[in-house]
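Have a look at the structure below before the remarks.
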Amino acid sequence: MAVIHRYDAVIVGAGGAGLRAALAAAPRCSVAVLSKLYPTRSHTGAAQGGMCAALGNLEEDSWEWHAFDTVKGSDYLGDQPAIEIMCREAVDAVLELEHLGLPFSRTPDGKIDQRRFGGHTRNHGEAPVRRACYAADRTGHMILQTLYQQCLARNVTFFEEFQVLDVLLAEGRVAGVVALELKTGELHVFHSKAVLWATGGYGRLYKVTSNAHSLTGDGPAICFRRGIPLEDVEFFQFHPTGIYRLGILLSEAARGEGGILLNDKGERFMERYAPTIKDLAPRDIVSRAIYLEIREGRGIKGKDYVHLSVSHLDEKVIDEKLPDITDFVRTYLGIEPKTDPIPIQPTAHYAMGGIPTDVDARVVIDENDTPLPGMYAAGECACVSVHGANRLGTNSLLDIVVFGRRGGLHMAQFAREADFAPLDLEPAEKLQEELDRLRSREEGERVADIRDDLQQTMMDDAGVFRTADSLQNAKKKISELKDRYRKIAIDDPGRSFNTDLVEALELGFLLDLAAVLLEGALARKESRGGHYREDFPTRDDENFLKHTLAYRKSEEDIEIKYKPVKLGKYTPQERKY
């Protein structure tokens with residue numbers, strides 16, 4: 001029988017979005033934060049380059065210019081009312097973090113320092129602007145540490161190393177979640193009035209990724225299985241500068257400080273693709289440019305990578321502003337970035353799609369944005385659609401802080417006014433039976449083999465470039481992998497810290513999300529942002545200026561519907577940089 005807890009609000013995930021939500025909600029109601037990791041190991045800590053806000057500390061800037069860049073960067077699929085909220089609230093969000101103790105890098109006169117980042121411009125595209133607020137190249141790490149310390153100071157309750165496996169719904173609203181305690185193997189039911197998902201992305205769909213091993217799409221997959229649609233999952237961003245073969249991220253901060261991309265001929269090739277802002281073009285454009293250079297035979301020594309060079313920068317800039325990036329290169333490649341070019345290739349980095357929400361982080365369940373009472377989501381697992389078809393660098397850390405806070409405040413208000421939904425007598429019984437079957441099965445398919453096949457398939461057939469043939473091929477393979485998954489067996493029958501069991505469950509989440517991505521990508525017969533169809537290479541606003549909603553009809557059947565993009569003063573234009 002499961003252990004039962006009761007809290008007004010439960011937050012699933014202890015990265016930046018979850019911690020910011022907890023910080024907002026904790027003074028107003030009882031809050032539990034569940035995390036499958038120790039909180040400071042959450043993937044927010046890997047974000048290097050910065051958090052953007054139009055502070056104007058080094059040059060003129062405005063939130064309207066920031067909003068324009070975000071809309072244009074999204075390839076006009078972003079919802080403009082949400083984008084305006086994010087960009088307007090960005091300044092206060094940064095200053096609030098400063099007051100909470102975040103150690104930003106400083107200008108000589110003591111202001112928060114700012115640097116250039118891809119796609120951020122002044123005066124509606126005129127030239128690059130210094131908008132990214134940063135703490136060397138450890139900005140996400142500093143946000144995570146600052147928020148966690150503040151949550152501890154406010155006595156937020158943490159349940160660390162708890163893997164959430166299901167959400168409970170009753171009478172058309174949230175009743176709580178079910179989680180596996182990794183230490184004991186016991187199931188716990190968290191009875192709550194409100195649940196906020198902050199579980200991060202699902203880059204582990206791909207073989208070469210900047211994402212941690214824990215980013216397996218738990219929140220979106222659980223919601224999808226419970227009938228909640230997923231929005232715009234076909235849009236997946238590849239970051240241009242991952243370490244060759246490993247995918248470990250080398251932040252845009254390197255290019256923001258003046259790093260350049262070079263092909264085998266030593267050409268700064270981005271001058272051909274984005275003549276105004278060159279290497280600081282949005283990530284989808286730079287990633288495609290790298291692959292085109294490789295395809296046309298200008299990869300380094302004919303191989304599938306190009307070079308990132310920072311050797312022309314001042315050593316003081318490298319040491320003070322890019323310490324982690326350069327250490328990664330020395331550690332993983334054994335080369336000295338002050339003198340040698342760095343081999344890089346695009347790496348699967350960020351999910352623009354996810355659990356659909358409104359601007360208060362309430363989960364919405366249909367084309368009319370009807371909220372599901374008590375359900376919230378924020379951060380990469382959510383889709384309020386400030387990123388549309390392509391996210392600009394530094395908008396991710398801004399997203400988690402702005403909408404994490406808004407979600408935390410709204411769920412606290414909801415929890416004060418709502419009653420607890422009723423629980424079943426045995427709310428975790430079916431889940432317990434499934435776990436027992438997995439632990440006891442002695443022969444079957446290996447989880448690692450299926451995962452390797454999944455990641456290679458997605459890399460080959462649903463990566464930066466896609467066609468109907470490649471997507472159909474991937475869809476067929478994923479269906480076969482799902483059949484194999486039903487016959488999996490694990491080596492460890494034990495209960496305590498059974499990582500075999502956890503990886504098996506995570507693989508199930510990834511397979512579900514792969515199927516959703518492929519279905520949405522096949523239906524979207526255009527190219528936009530992170531979704532590039534070589535058989536439909538142009539953007540089609542007449543037919544596809546709309547958000548995808550994917551519904552689970554059965555284990556094999558996904559229904560695709562659409563809802564309109566929320567437009568504003570910026571009408572769709574050709575993206576020129």
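Simple scheme: letters A, B, ... for chains in structure tokens order, numbers from 1 for residues in each chain, numbers from 1 for ligands in the order shown.
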
Contacts of range 63-70 of chain A within 9 Å, only C-alpha atoms, excl. fewer than 5 positions in-chain, as an mmCIF file with C-alpha atoms, in the first residue's frame:
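Writing done, so here's out_4.cif:
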data_model
loop_
_atom_site.group_PDB
_atom_site.id
_atom_site.type_symbol
_atom_site.label_atom_id
_atom_site.label_comp_id
_atom_site.auth_asym_id
_atom_site.auth_seq_id
_atom_site.Cartn_x
_atom_site.Cartn_y
_atom_site.Cartn_z
ATOM 1 C CA CYS A 52 18.289 38.330 -21.397
ATOM 2 C CA ALA A 53 16.628 41.532 -20.264
ATOM 3 C CA ALA A 54 16.600 44.996 -21.817
ATOM 4 C CA LEU A 55 18.425 46.659 -18.916
ATOM 5 C CA ASP A 75 9.559 32.298 -37.033
ATOM 6 C CA TYR A 76 6.314 34.070 -36.097
ATOM 7 C CA GLY A 78 5.287 32.481 -30.875
ATOM 8 C CA GLN A 80 2.780 37.600 -28.989
ATOM 9 C CA ILE A 83 6.078 37.189 -25.474
ATOM 10 C CA GLU A 84 5.193 40.743 -24.459
ATOM 11 C CA MET A 86 7.956 37.814 -20.752
ATOM 12 C CA CYS A 87 9.957 40.679 -22.241
ATOM 13 C CA ARG A 88 8.261 43.361 -20.121
ATOM 14 C CA GLU A 89 8.795 41.374 -16.906
ATOM 15 C CA ALA A 90 12.383 40.446 -17.808
ATOM 16 C CA VAL A 91 13.958 43.541 -16.230
ATOM 17 C CA GLY A 119 19.256 36.842 -32.649
ATOM 18 C CA HIS A 120 19.144 39.770 -30.185
ATOM 19 C CA THR A 121 19.278 43.157 -31.922
ATOM 20 C CA ARG A 122 18.617 46.838 -31.410
ATOM 21 C CA ASN A 123 16.018 48.834 -33.297
ATOM 22 C CA HIS A 124 14.203 45.871 -34.857
ATOM 23 C CA GLY A 125 17.127 44.086 -36.474
ATOM 24 C CA ARG A 131 21.206 42.189 -23.764
ATOM 25 C CA VAL A 386 7.057 32.296 -26.179
ATOM 26 C CA HIS A 387 9.578 30.335 -28.277
ATOM 27 C CA GLY A 388 7.312 29.317 -31.164
ATOM 28 C CA ASN A 390 12.744 28.431 -32.550
ATOM 29 C CA ARG A 391 14.016 29.722 -29.175
ATOM 30 C CA LEU A 392 16.492 32.568 -28.976
ATOM 31 C CA ASN A 395 15.222 33.268 -23.404
ATOM 32 C CA TYR A 570 4.379 42.110 -35.557
#

- Task: Go through range 137-377 of chain A and collect every residue that DSSP, computed from the backbone, puts in strand (DSSP E); the answer should be as a count of residues only.
- Result: 72

- Message: I'd like the contact shell of Ile490 in chain A - 9 Å cut-off, only C-alpha atoms, skipping same-chain residues fewer than 5 positions apart - returned as a count of residues only.
- Response: 13

- Which neighbours of range 224-228 of chain A fall inside 7 Å, counting only C-alpha atoms, when residues of the same chain fewer than 4 positions from it are skipped, and could you give them as a list in words? Pro220, Ile365, Tyr551 and Arg552 of chain A

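Rounded to one decimal, CA of Arg154 in chain A and CA of Ala175 in chain A lie 25.3 Å from each other.
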
- Task: Identify all residues of range 1-219 of chain A in alpha helix (DSSP H) (DSSP on the backbone) and supply them as an MDAnalysis selection string.
- Result: chainID A and resid 16:25 63:73 80:100 139:153 218:219

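Shell of range 322-328 of chain A at 7 Å, with only C-alpha atoms counted and residues fewer than 2 places along the chain excluded, is Ala136, Asp137, Leu250, Ala254, Ile318, Asp319, Glu320, Arg330, Thr331, Tyr332 and Pro337 of chain A.
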
How about saving the chosen residues, N, CA, C and O atoms kept, as a PDB file, in the first residue's frame?
ATOM      1  N   ALA A 136      29.655  35.007 -15.605  1.00  0.00           N
ATOM      2  CA  ALA A 136      30.675  34.315 -16.413  1.00  0.00           C
ATOM      3  C   ALA A 136      29.951  33.417 -17.417  1.00  0.00           C
ATOM      4  O   ALA A 136      29.047  33.878 -18.109  1.00  0.00           O
ATOM      5  N   ASP A 137      30.314  32.137 -17.493  1.00  0.00           N
ATOM      6  CA  ASP A 137      29.537  31.207 -18.321  1.00  0.00           C
ATOM      7  C   ASP A 137      28.932  30.116 -17.445  1.00  0.00           C
ATOM      8  O   ASP A 137      28.868  28.958 -17.816  1.00  0.00           O
ATOM      9  N   LEU A 250      28.828  23.949 -25.899  1.00  0.00           N
ATOM     10  CA  LEU A 250      29.708  25.110 -25.798  1.00  0.00           C
ATOM     11  C   LEU A 250      28.827  26.319 -26.089  1.00  0.00           C
ATOM     12  O   LEU A 250      28.431  26.562 -27.222  1.00  0.00           O
ATOM     13  N   ALA A 254      30.424  32.006 -26.221  1.00  0.00           N
ATOM     14  CA  ALA A 254      31.706  32.066 -26.940  1.00  0.00           C
ATOM     15  C   ALA A 254      31.595  32.960 -28.165  1.00  0.00           C
ATOM     16  O   ALA A 254      32.482  33.780 -28.451  1.00  0.00           O
ATOM     17  N   ILE A 318      38.835  35.267 -22.323  1.00  0.00           N
ATOM     18  CA  ILE A 318      38.644  33.810 -22.265  1.00  0.00           C
ATOM     19  C   ILE A 318      38.632  33.322 -20.817  1.00  0.00           C
ATOM     20  O   ILE A 318      37.758  32.539 -20.412  1.00  0.00           O
ATOM     21  N   ASP A 319      39.575  33.795 -20.017  1.00  0.00           N
ATOM     22  CA  ASP A 319      39.704  33.319 -18.630  1.00  0.00           C
ATOM     23  C   ASP A 319      38.572  33.818 -17.737  1.00  0.00           C
ATOM     24  O   ASP A 319      38.069  33.071 -16.886  1.00  0.00           O
ATOM     25  N   GLU A 320      38.128  35.074 -17.931  1.00  0.00           N
ATOM     26  CA  GLU A 320      37.157  35.662 -17.019  1.00  0.00           C
ATOM     27  C   GLU A 320      35.712  35.426 -17.456  1.00  0.00           C
ATOM     28  O   GLU A 320      34.826  35.297 -16.609  1.00  0.00           O
ATOM     29  N   ARG A 330      39.297  21.557 -22.891  1.00  0.00           N
ATOM     30  CA  ARG A 330      40.550  20.933 -22.432  1.00  0.00           C
ATOM     31  C   ARG A 330      40.288  19.525 -21.886  1.00  0.00           C
ATOM     32  O   ARG A 330      41.041  18.593 -22.142  1.00  0.00           O
ATOM     33  N   THR A 331      39.193  19.388 -21.128  1.00  0.00           N
ATOM     34  CA  THR A 331      38.892  18.101 -20.483  1.00  0.00           C
ATOM     35  C   THR A 331      38.471  17.030 -21.481  1.00  0.00           C
ATOM     36  O   THR A 331      38.968  15.896 -21.451  1.00  0.00           O
ATOM     37  N   TYR A 332      37.546  17.387 -22.383  1.00  0.00           N
ATOM     38  CA  TYR A 332      36.934  16.376 -23.246  1.00  0.00           C
ATOM     39  C   TYR A 332      37.630  16.206 -24.596  1.00  0.00           C
ATOM     40  O   TYR A 332      37.497  15.162 -25.231  1.00  0.00           O
ATOM     41  N   PRO A 337      42.026  25.812 -26.218  1.00  0.00           N
ATOM     42  CA  PRO A 337      41.212  26.719 -27.037  1.00  0.00           C
ATOM     43  C   PRO A 337      41.839  28.097 -27.258  1.00  0.00           C
ATOM     44  O   PRO A 337      41.432  28.812 -28.173  1.00  0.00           O
TER      45      PRO A 337
END

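Minimum atom-to-atom distances from A:Gln149, A:Asn263, A:Ser479, A:Tyr350 to Asp557 in chain A were compared using only C-alpha atoms, and the lowest value belongs to A:Ser479.
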
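Between Arg245 in chain A and the candidates A:Gly266, A:Gly50, A:Pro108, A:Pro346, the tightest atom-to-atom separation, counting only C-alpha atoms, involves A:Pro346.
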
- Write out as JSON, numbers by chain each polymer residue whose atoms come within 12 Å of range 178-185 of chain A, counting only C-alpha atoms; drop sequence neighbours fewer than 4 positions from it. {"A": [2, 3, 4, 5, 6, 10, 12, 13, 33, 34, 35, 36, 37, 38, 159, 160, 161, 162, 163, 164, 165, 166, 167, 168, 169, 189, 190, 191, 192, 195, 218, 222, 423, 426, 427, 428, 429, 430, 431, 432, 435, 436, 439, 493, 494, 495, 496, 497, 498, 499, 500, 501, 502, 503, 505]}

- Any idea what's packed within 8 Å of Leu518 in chain A, counting only C-alpha atoms, ignoring anything in its chain fewer than 3 positions away? Could you give it as a VMD selection string? chain A and resid 234 462 471 474 to 475 514 to 515 521 to 522

How about saving the chosen residues, C-alpha atoms kept, as a PDB file, in the first residue's frame?
ATOM      1  CA  GLU A 234       7.729  18.714 -33.852  1.00  0.00           C
ATOM      2  CA  ALA A 462      14.062  13.495 -37.571  1.00  0.00           C
ATOM      3  CA  LEU A 471       9.824  10.697 -41.079  1.00  0.00           C
ATOM      4  CA  ALA A 474      11.304   6.785 -38.354  1.00  0.00           C
ATOM      5  CA  LYS A 475       7.607   6.269 -37.599  1.00  0.00           C
ATOM      6  CA  ALA A 514       9.089  10.330 -30.326  1.00  0.00           C
ATOM      7  CA  ALA A 515       5.772   9.186 -31.776  1.00  0.00           C
ATOM      8  CA  ALA A 521       6.346  16.709 -38.218  1.00  0.00           C
ATOM      9  CA  LEU A 522       4.644  14.616 -40.908  1.00  0.00           C
TER      10      LEU A 522
END

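Taking only C-alpha atoms into account, Leu507 in chain A lies nearest to A:Arg451 out of the set A:Arg451, A:Arg486, A:Lys72, A:Lys553.
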
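Of the listed residues (A:Ala361, A:Cys29, A:Ala198, A:Leu308), A:Leu308 comes nearest to Gly259 in chain A; the distances count only C-alpha atoms.
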